[in-house]
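*Asks:* Just one file: protein.cif, with mmCIF, C-alpha atoms.
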data_final
#
loop_
_atom_site.label_atom_id
_atom_site.label_comp_id
_atom_site.auth_asym_id
_atom_site.auth_seq_id
_atom_site.Cartn_x
_atom_site.Cartn_y
_atom_site.Cartn_z
CA MET J 1 120.03 127.93 213.53
CA ALA J 2 116.28 127.41 213.20
CA ASP J 3 114.09 130.19 214.51
CA ALA J 4 111.16 128.04 215.54
CA LEU J 5 110.85 124.75 217.37
CA ARG J 6 110.04 122.02 214.84
CA ALA J 7 107.82 120.05 217.20
CA GLY J 8 105.41 121.16 219.89
CA VAL J 9 105.31 120.27 223.56
CA PRO J 10 102.70 118.39 225.61
CA ALA J 11 99.55 120.35 226.41
CA LEU J 12 99.80 119.71 230.13
CA SER J 13 102.77 121.03 232.12
CA THR J 14 104.19 118.76 234.84
CA GLY J 15 107.06 120.87 236.13
CA ASN J 16 109.60 118.29 234.92
CA VAL J 17 111.73 119.90 232.20
CA ILE J 18 112.09 116.66 230.26
CA ARG J 19 108.40 115.72 230.40
CA ASP J 20 107.41 119.26 229.42
CA SER J 21 109.73 119.36 226.39
CA SER J 22 109.04 117.91 222.93
CA LEU J 23 110.33 114.60 224.28
CA GLY J 24 107.03 114.41 226.16
CA LEU J 25 105.29 113.77 222.83
CA VAL J 26 106.73 110.24 222.81
CA PRO J 27 105.63 108.66 226.08
CA GLU J 28 107.05 105.27 225.10
CA THR J 29 110.64 106.57 225.29
CA LEU J 30 110.11 109.34 227.83
CA GLN J 31 110.33 107.26 231.01
CA PRO J 32 113.42 105.33 229.86
CA ILE J 33 115.14 108.66 229.11
CA ILE J 34 114.23 110.07 232.53
CA ASP J 35 115.30 106.86 234.29
CA LEU J 36 118.61 106.79 232.44
CA GLN J 37 119.38 110.46 233.15
CA GLU J 38 118.59 109.95 236.84
CA ALA J 39 120.93 106.94 237.03
CA ILE J 40 123.74 108.73 235.22
CA TRP J 41 123.73 111.62 237.68
CA ARG J 42 123.04 109.67 240.87
CA ARG J 43 124.81 106.35 240.27
CA ALA J 44 127.71 106.81 237.85
CA SER J 45 130.84 105.43 239.51
CA VAL J 46 132.99 108.36 238.32
CA GLY J 47 130.92 110.94 240.22
CA PRO J 48 128.93 113.99 239.08
CA ALA J 49 131.91 116.30 238.43
CA ILE J 50 133.38 113.92 235.84
CA VAL J 51 129.91 113.31 234.37
CA GLU J 52 129.49 117.08 234.00
CA MET J 53 132.86 117.40 232.28
CA LEU J 54 131.76 114.80 229.73
CA ARG J 55 128.44 116.58 229.28
CA LEU J 56 130.04 119.99 228.74
CA ARG J 57 132.72 118.67 226.37
CA ASN J 58 129.91 117.15 224.32
CA ALA J 59 127.80 120.32 224.53
CA ARG J 60 130.64 122.46 223.20
CA THR J 61 131.45 120.00 220.42
CA VAL J 62 127.83 119.66 219.26
CA ASN J 63 127.30 123.40 219.90
CA CYS J 64 124.05 122.90 221.80
CA VAL J 65 123.38 126.33 223.31
CA PHE J 66 120.91 124.95 225.86
CA CYS J 67 123.36 122.28 227.03
CA LYS J 68 126.30 124.70 227.18
CA SER J 69 124.42 127.13 229.40
CA VAL J 70 123.51 124.67 232.15
CA ARG J 71 125.61 123.80 235.20
CA TYR J 72 124.28 121.02 237.37
CA ASP J 73 124.40 121.82 241.08
CA ILE J 74 125.28 118.22 241.90
CA ALA J 75 128.49 118.58 239.86
CA ARG J 76 129.43 121.89 241.46
CA ALA J 77 128.93 120.29 244.87
CA ASP J 78 131.29 117.53 243.68
CA GLY J 79 134.02 120.09 242.98
CA LEU J 80 133.55 121.23 239.39
CA THR J 81 134.38 124.96 239.44
CA GLU J 82 133.88 127.51 236.65
CA ASP J 83 137.68 127.75 236.46
CA LYS J 84 137.76 124.08 235.49
CA VAL J 85 134.79 124.45 233.15
CA ALA J 86 136.65 127.22 231.29
CA GLN J 87 139.44 124.75 230.55
CA ILE J 88 137.15 122.24 228.82
CA ASP J 89 138.11 123.62 225.43
CA ASP J 90 140.22 122.43 222.52
CA ASP J 91 143.43 123.23 224.45
CA PHE J 92 142.53 121.06 227.44
CA ALA J 93 145.61 118.87 226.93
CA SER J 94 147.86 121.80 227.93
CA SER J 95 145.51 123.13 230.64
CA ARG J 96 145.84 123.03 234.43
CA LEU J 97 143.32 120.20 234.66
CA SER J 98 144.52 117.02 236.35
CA GLU J 99 145.81 114.11 234.27
CA ARG J 100 142.67 112.17 235.17
CA GLU J 101 140.43 115.01 233.99
CA LYS J 102 142.40 115.38 230.76
CA LEU J 103 141.97 111.66 230.18
CA VAL J 104 138.22 112.01 230.62
CA LEU J 105 138.13 114.72 227.97
CA ALA J 106 140.33 112.68 225.63
CA PHE J 107 137.84 109.81 226.06
CA ALA J 108 135.02 112.21 225.14
CA ASP J 109 136.86 113.46 222.06
CA LEU J 110 137.51 109.91 220.92
CA TYR J 111 133.77 109.20 221.02
CA LEU J 112 132.74 112.55 219.55
CA ARG J 113 135.32 112.89 216.78
CA THR J 114 137.22 109.73 215.90
CA PRO J 115 135.62 106.65 217.48
CA ASP J 116 137.32 104.44 214.89
CA ARG J 117 140.81 105.64 215.80
CA MET J 118 141.71 104.34 219.24
CA ASP J 119 145.30 105.30 220.00
CA GLN J 120 147.22 102.53 221.77
CA ALA J 121 148.77 104.92 224.28
CA LEU J 122 145.37 106.40 225.16
CA LEU J 123 143.93 102.90 225.48
CA LEU J 124 146.58 101.90 228.01
CA ARG J 125 146.22 105.13 230.00
CA LEU J 126 142.45 104.71 230.19
CA GLN J 127 142.77 101.10 231.30
CA ARG J 128 145.32 102.08 233.97
CA LYS J 129 143.27 104.95 235.41
CA PHE J 130 139.71 103.62 235.15
CA THR J 131 137.97 100.38 236.02
CA PRO J 132 135.72 98.64 233.46
CA GLU J 133 132.74 99.88 235.46
CA GLN J 134 133.95 103.48 235.27
CA ILE J 135 134.65 103.22 231.53
CA SER J 136 131.18 101.74 230.97
CA HIS J 137 129.55 104.52 232.97
CA MET J 138 131.48 107.24 231.15
CA ALA J 139 130.51 105.68 227.83
CA ILE J 140 126.83 105.50 228.75
CA ALA J 141 126.80 109.07 230.09
CA LEU J 142 128.54 110.41 227.01
CA THR J 143 126.39 108.58 224.47
CA THR J 144 123.24 109.71 226.28
CA PHE J 145 124.31 113.36 226.43
CA HIS J 146 125.37 113.23 222.79
CA ALA J 147 122.01 111.84 221.65
CA LEU J 148 120.04 114.36 223.70
CA SER J 149 122.08 117.38 222.60
CA ARG J 150 121.80 116.36 218.95
CA CYS J 151 118.09 115.94 219.58
CA ALA J 152 117.86 119.51 220.90
CA VAL J 153 119.78 120.84 217.89
CA SER J 154 117.67 118.83 215.42
CA LEU J 155 114.42 120.06 216.93
CA GLY J 156 115.43 123.66 216.26
CA GLY J 157 114.42 126.74 218.20
CA MET J 158 117.97 127.13 219.52
CA PRO J 159 118.84 130.69 220.65
CA GLU J 160 122.20 132.19 219.71
CA HIS J 161 123.23 132.58 223.34
CA LEU J 162 121.98 131.86 226.86
CA PRO J 163 123.48 132.91 230.20
CA VAL J 164 124.99 130.26 232.45
CA THR J 165 122.27 128.87 234.72
CA GLU J 166 122.53 126.44 237.60
CA ALA J 167 120.06 123.57 237.48
CA SER J 168 119.18 120.52 239.54
CA VAL J 169 118.82 117.04 238.15
CA PRO J 170 115.06 116.80 237.44
CA VAL J 171 113.19 114.92 240.12
CA ASP J 172 110.52 112.69 238.62
CA THR J 173 107.48 112.73 240.88
CA SER J 174 105.02 111.60 238.26
CA ARG J 175 105.00 107.90 239.16
CA MET K 1 138.19 94.92 217.42
CA ARG K 2 134.84 96.35 216.33
CA LEU K 3 131.56 95.47 218.07
CA ASP K 4 128.06 95.53 216.63
CA SER K 5 125.14 96.99 218.55
CA HIS K 6 124.28 93.63 220.14
CA GLU K 7 127.87 93.14 221.29
CA VAL K 8 127.97 96.67 222.72
CA ALA K 9 124.98 95.81 224.90
CA ALA K 10 126.68 92.63 226.09
CA VAL K 11 129.97 94.36 226.91
CA LEU K 12 128.25 97.18 228.80
CA ALA K 13 126.05 94.71 230.69
CA ARG K 14 129.15 92.94 232.04
CA SER K 15 130.43 95.98 233.91
CA GLY K 16 127.82 98.74 233.68
CA GLY K 17 125.27 97.53 236.25
CA GLU K 18 122.11 99.59 236.62
CA LEU K 19 123.25 102.23 234.11
CA ALA K 20 123.69 99.54 231.46
CA ARG K 21 120.25 98.12 232.23
CA ARG K 22 118.63 101.53 231.82
CA HIS K 23 120.64 102.24 228.67
CA GLU K 24 119.40 98.98 227.19
CA ALA K 25 115.81 99.83 228.24
CA LEU K 26 116.01 103.01 226.16
CA TRP K 27 117.40 101.06 223.19
CA GLN K 28 114.49 98.63 223.40
CA ALA K 29 111.94 101.45 223.77
CA VAL K 30 113.28 103.22 220.70
CA TRP K 31 112.76 100.11 218.58
CA GLN K 32 109.32 99.39 220.00
CA GLN K 33 107.73 102.86 219.97
CA PRO K 34 104.72 103.03 217.60
CA HIS K 35 105.43 106.31 215.79
CA ILE K 36 108.16 105.19 213.37
CA PRO K 37 107.96 101.65 211.96
CA ALA K 38 110.88 99.32 212.71
CA ARG K 39 111.38 98.89 208.95
CA ILE K 40 112.10 102.62 208.63
CA LEU K 41 114.43 102.64 211.64
CA GLU K 42 116.29 99.67 210.20
CA LEU K 43 116.89 101.61 206.99
CA CYS K 44 118.23 104.50 209.09
CA ARG K 45 120.46 102.18 211.16
CA LEU K 46 122.03 100.82 207.99
CA ARG K 47 122.49 104.33 206.58
CA LEU K 48 124.17 105.61 209.76
CA ALA K 49 126.43 102.55 209.84
CA THR K 50 127.44 103.25 206.25
CA LEU K 51 128.20 106.89 207.06
CA HIS K 52 130.43 105.76 209.94
CA GLY K 53 132.13 103.10 207.81
CA ALA K 54 130.93 100.55 210.37
CA THR K 55 130.91 97.41 208.25
CA HIS K 56 130.54 95.21 211.35
CA GLU K 57 127.26 96.99 212.14
CA LEU K 58 126.02 96.50 208.58
CA GLN K 59 126.41 92.77 209.07
CA ALA K 60 124.60 92.67 212.44
CA GLN K 61 121.20 91.12 212.92
CA PRO K 62 118.43 93.77 212.78
CA PRO K 63 117.68 94.81 216.39
CA SER K 64 113.95 94.57 215.79
CA GLY K 65 114.14 91.41 213.69
CA VAL K 66 112.73 93.37 210.75
CA ARG K 67 115.01 93.41 207.71
CA ALA K 68 115.16 96.28 205.24
CA ASP K 69 117.11 97.04 202.10
CA PRO K 70 118.26 100.65 201.63
CA GLU K 71 118.64 99.99 197.88
CA SER K 72 114.91 99.40 197.54
CA ALA K 73 113.74 102.25 199.77
CA ARG K 74 111.59 104.28 197.40
CA SER K 75 108.34 105.10 199.16
CA ALA K 76 107.79 108.70 200.22
CA ASP K 77 107.87 107.94 203.96
CA GLU K 78 111.10 105.95 203.59
CA ARG K 79 112.71 108.72 201.56
CA ALA K 80 111.69 111.41 204.07
CA ALA K 81 113.18 109.49 207.00
CA LEU K 82 116.34 108.53 205.11
CA GLU K 83 116.99 112.03 203.86
CA PHE K 84 116.61 113.32 207.43
CA ALA K 85 118.93 110.58 208.72
CA GLU K 86 121.49 111.38 206.05
CA ILE K 87 121.87 114.97 207.25
CA TYR K 88 121.53 114.06 210.92
CA GLY K 89 124.38 111.60 210.56
CA GLN K 90 126.67 114.25 209.12
CA GLU K 91 125.71 117.47 210.91
CA PRO K 92 122.49 118.03 212.88
CA GLN K 93 123.00 121.81 212.64
CA ALA K 94 122.39 121.43 208.88
CA ILE K 95 118.90 119.98 209.29
CA THR K 96 116.37 122.24 207.60
CA ASP K 97 112.75 123.02 208.36
CA GLU K 98 111.88 121.34 205.04
CA LEU K 99 113.51 118.06 206.02
CA ALA K 100 111.67 118.10 209.35
CA ALA K 101 108.38 119.02 207.69
CA ALA K 102 108.68 116.08 205.29
CA VAL K 103 109.06 113.69 208.24
CA LYS K 104 106.08 115.28 210.02
CA THR K 105 103.94 114.90 206.89
CA HIS K 106 104.27 111.13 207.16
CA PHE K 107 104.75 110.51 210.87
CA GLY K 108 103.43 113.57 212.71
CA GLU K 109 105.20 115.63 215.37
CA ALA K 110 105.59 112.65 217.69
CA GLY K 111 107.11 110.75 214.77
CA LEU K 112 109.67 113.48 214.18
CA VAL K 113 110.69 113.42 217.85
CA ALA K 114 110.75 109.60 217.89
CA LEU K 115 112.92 109.53 214.76
CA ILE K 116 115.40 112.05 216.17
CA GLU K 117 115.63 110.14 219.46
CA ALA K 118 116.14 106.87 217.60
CA LEU K 119 118.85 108.32 215.35
CA GLY K 120 120.71 109.55 218.43
CA VAL K 121 120.53 106.22 220.21
CA ILE K 122 121.48 104.23 217.09
CA ASP K 123 124.33 106.60 216.19
CA GLY K 124 125.56 106.23 219.77
CA ARG K 125 125.59 102.43 219.63
CA ILE K 126 127.58 102.53 216.40
CA ARG K 127 130.15 104.94 217.89
CA LEU K 128 130.49 102.81 221.04
CA GLY K 129 130.93 99.72 218.88
CA MET K 130 133.87 101.35 217.15
CA MET K 131 135.75 102.29 220.34
CA LEU K 132 134.70 100.03 223.23
CA GLY K 133 136.03 96.78 221.82
CA PRO K 134 139.69 97.34 222.65
CA LEU K 135 138.80 99.11 225.91
CA LEU K 136 136.28 96.81 227.53
CA ALA K 137 136.38 93.49 225.71
CA THR K 138 140.10 93.21 226.50
CA GLN K 139 139.69 94.29 230.12
CA SER K 140 136.82 91.87 230.67
CA ALA K 141 138.87 89.07 229.13
CA HIS K 142 141.64 89.81 231.67
CA GLY K 143 139.14 89.81 234.50
#
Just dump the structure as structure tokens.
*Replies:*
Amino acid sequence: MADALRAGVPALSTGNVIRDSSLGLVPETLQPIIDLQEAIWRRASVGPAIVEMLRLRNARTVNCVFCKSVRYDIARADGLTEDKVAQIDDDFASSRLSEREKLVLAFADLYLRTPDRMDQALLLRLQRKFTPEQISHMAIALTTFHALSRCAVSLGGMPEHLPVTEASVPVDTSR
Amino acid sequence: MRLDSHEVAAVLARSGGELARRHEALWQAVWQQPHIPARILELCRLRLATLHGATHELQAQPPSGVRADPESARSADERAALEFAEIYGQEPQAITDELAAAVKTHFGEAGLVALIEALGVIDGRIRLGMMLGPLLATQSAHG
């Protein structure tokens, strides 16, 4: 992994982790990213625990050390325990996670690994368990997390390891 | 059933509500930001679609309206962006400081960040286009 960050950060610190990152160098996309993140965590119809499972499955697949280390408090409050987080690995299909949770992770793996290979049985299970709104929200959450984690990896400066840290969804007070 | 990036937006808009609106706002912002020209992003979109084998996306109208031909991309700025996109599309962990420096030479630090953001958003649309068709187009058709 790269030792140094490949792009700087804004000169002025705002206290918002997204604004104060390298993403702050592109103001034209910054607010849409913040607005989208806020909506994913606060408005997704599947709830924050499922959103966090999608985020962590993506983080472990992309191997984004920053993303893997974070646990959002809103997801813990929604019932996502560390015991469940530990089961978001490649053996999730035989884990103690619920069928619904396993289906969420299978949806994530489809997007992350083989988006061109939709299995008919998985398709039917997803359509039985989730509404079109929920599928849309999971898709938007996943594609957003995937883009942002690949962004973090591409920008370099990734440490080898970070301890697990609880975080809150950034509150944007700048407008 | 494969969807192109325009069709992905339409399918998500039918059932995604406010999240879909904000997702589309980011897509639009990526194409309109001033740091990387739309012509360069179009080259990258076509390259990512090729890497994914997404022939439906290759045939889609350019999101910005600006057409580009990867076969004739020979200028130094085009090559820097395309070489970065090539590795990004396969494995972001394999991006080197040299690839990033070449992009910064032509587009600056903000350009590097804008390019990486755009590649992520475009790659995401292509992936969604490959998997959402059978999931959402069918469900919407059944009400």
*Asks:* Expand the PyMOL selection byres ((chain K and resi 104-110) around 8) into the explicit residue set it covers here, and present it as a list in words.
*Replies:* Ala7, Gly8, Leu25 and Val26 of chain J; His35, Ile36, Asp77, Ala100, Ala101, Ala102, Val103, Gly111, Leu112, Val113 and Ala114 of chain K
*Asks:* Fewer than 6 positions away in the same chain doesn't count, so skip those; otherwise give me all residues within 8 Å of segment 89-103 of chain J, counting only C-alpha atoms, as a PDB file with C-alpha atoms, in the frame of the given file.
*Replies:*
ATOM      1  CA  ILE J  50     133.380 113.920 235.840  1.00  0.00           C
ATOM      2  CA  ARG J  57     132.720 118.670 226.370  1.00  0.00           C
ATOM      3  CA  ARG J  60     130.640 122.460 223.200  1.00  0.00           C
ATOM      4  CA  ARG J 125     146.220 105.130 230.000  1.00  0.00           C
ATOM      5  CA  LEU J 126     142.450 104.710 230.190  1.00  0.00           C
ATOM      6  CA  LYS J 129     143.270 104.950 235.410  1.00  0.00           C
TER       7      LYS J 129
END
*Asks:* So which residues get picked by the PyMOL selection byres ((chain K) within 8 of (chain J)) here, written as a VMD selection string?
*Replies:* chain K and resid 12 15 to 20 22 to 23 25 to 26 29 to 30 33 88 92 to 93 95 to 97 100 to 101 109 to 110 112 to 114 116 to 117 119 to 121 123 to 125 127 to 128 130 to 131 134 to 136 139 to 140
*Asks:* Take the selection from the previous step and output its residues with C-alpha atoms, as a PDB file, in the frame of the given file.
*Replies:*
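Written out: again-v4.pdb:
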ATOM      1  CA  LEU K  12     128.250  97.180 228.800  1.00  0.00           C
ATOM      2  CA  SER K  15     130.430  95.980 233.910  1.00  0.00           C
ATOM      3  CA  GLY K  16     127.820  98.740 233.680  1.00  0.00           C
ATOM      4  CA  GLY K  17     125.270  97.530 236.250  1.00  0.00           C
ATOM      5  CA  GLU K  18     122.110  99.590 236.620  1.00  0.00           C
ATOM      6  CA  LEU K  19     123.250 102.230 234.110  1.00  0.00           C
ATOM      7  CA  ALA K  20     123.690  99.540 231.460  1.00  0.00           C
ATOM      8  CA  ARG K  22     118.630 101.530 231.820  1.00  0.00           C
ATOM      9  CA  HIS K  23     120.640 102.240 228.670  1.00  0.00           C
ATOM     10  CA  ALA K  25     115.810  99.830 228.240  1.00  0.00           C
ATOM     11  CA  LEU K  26     116.010 103.010 226.160  1.00  0.00           C
ATOM     12  CA  ALA K  29     111.940 101.450 223.770  1.00  0.00           C
ATOM     13  CA  VAL K  30     113.280 103.220 220.700  1.00  0.00           C
ATOM     14  CA  GLN K  33     107.730 102.860 219.970  1.00  0.00           C
ATOM     15  CA  TYR K  88     121.530 114.060 210.920  1.00  0.00           C
ATOM     16  CA  PRO K  92     122.490 118.030 212.880  1.00  0.00           C
ATOM     17  CA  GLN K  93     123.000 121.810 212.640  1.00  0.00           C
ATOM     18  CA  ILE K  95     118.900 119.980 209.290  1.00  0.00           C
ATOM     19  CA  THR K  96     116.370 122.240 207.600  1.00  0.00           C
ATOM     20  CA  ASP K  97     112.750 123.020 208.360  1.00  0.00           C
ATOM     21  CA  ALA K 100     111.670 118.100 209.350  1.00  0.00           C
ATOM     22  CA  ALA K 101     108.380 119.020 207.690  1.00  0.00           C
ATOM     23  CA  GLU K 109     105.200 115.630 215.370  1.00  0.00           C
ATOM     24  CA  ALA K 110     105.590 112.650 217.690  1.00  0.00           C
ATOM     25  CA  LEU K 112     109.670 113.480 214.180  1.00  0.00           C
ATOM     26  CA  VAL K 113     110.690 113.420 217.850  1.00  0.00           C
ATOM     27  CA  ALA K 114     110.750 109.600 217.890  1.00  0.00           C
ATOM     28  CA  ILE K 116     115.400 112.050 216.170  1.00  0.00           C
ATOM     29  CA  GLU K 117     115.630 110.140 219.460  1.00  0.00           C
ATOM     30  CA  LEU K 119     118.850 108.320 215.350  1.00  0.00           C
ATOM     31  CA  GLY K 120     120.710 109.550 218.430  1.00  0.00           C
ATOM     32  CA  VAL K 121     120.530 106.220 220.210  1.00  0.00           C
ATOM     33  CA  ASP K 123     124.330 106.600 216.190  1.00  0.00           C
ATOM     34  CA  GLY K 124     125.560 106.230 219.770  1.00  0.00           C
ATOM     35  CA  ARG K 125     125.590 102.430 219.630  1.00  0.00           C
ATOM     36  CA  ARG K 127     130.150 104.940 217.890  1.00  0.00           C
ATOM     37  CA  LEU K 128     130.490 102.810 221.040  1.00  0.00           C
ATOM     38  CA  MET K 130     133.870 101.350 217.150  1.00  0.00           C
ATOM     39  CA  MET K 131     135.750 102.290 220.340  1.00  0.00           C
ATOM     40  CA  PRO K 134     139.690  97.340 222.650  1.00  0.00           C
ATOM     41  CA  LEU K 135     138.800  99.110 225.910  1.00  0.00           C
ATOM     42  CA  LEU K 136     136.280  96.810 227.530  1.00  0.00           C
ATOM     43  CA  GLN K 139     139.690  94.290 230.120  1.00  0.00           C
ATOM     44  CA  SER K 140     136.820  91.870 230.670  1.00  0.00           C
TER      45      SER K 140
END
*Asks:* Can you tell me how far atom CA of Ser69 of chain J sits from atom CA of Phe84 of chain K, in Å to one decimal?
*Replies:*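 Interatomic distance, atom CA of Ser69 of chain J to atom CA of Phe84 of chain K: 27.1 Å.
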*Asks:* Can you work out which one of K:Val66, K:Ser75, K:Leu58, K:Leu51 has the shortest atom-to-atom distance to Gln90 of chain K, counting only C-alpha atoms?
*Replies:* K:Leu51
*Asks:* Would you please work out which residue, of K:Ala38, K:Leu3, K:Ala85, K:Ala9, is nearest to Glu24 of chain K when using all atoms listed in the file?
*Replies:*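 With all atoms listed in the file as the atom set, the closest residue is K:Ala9.
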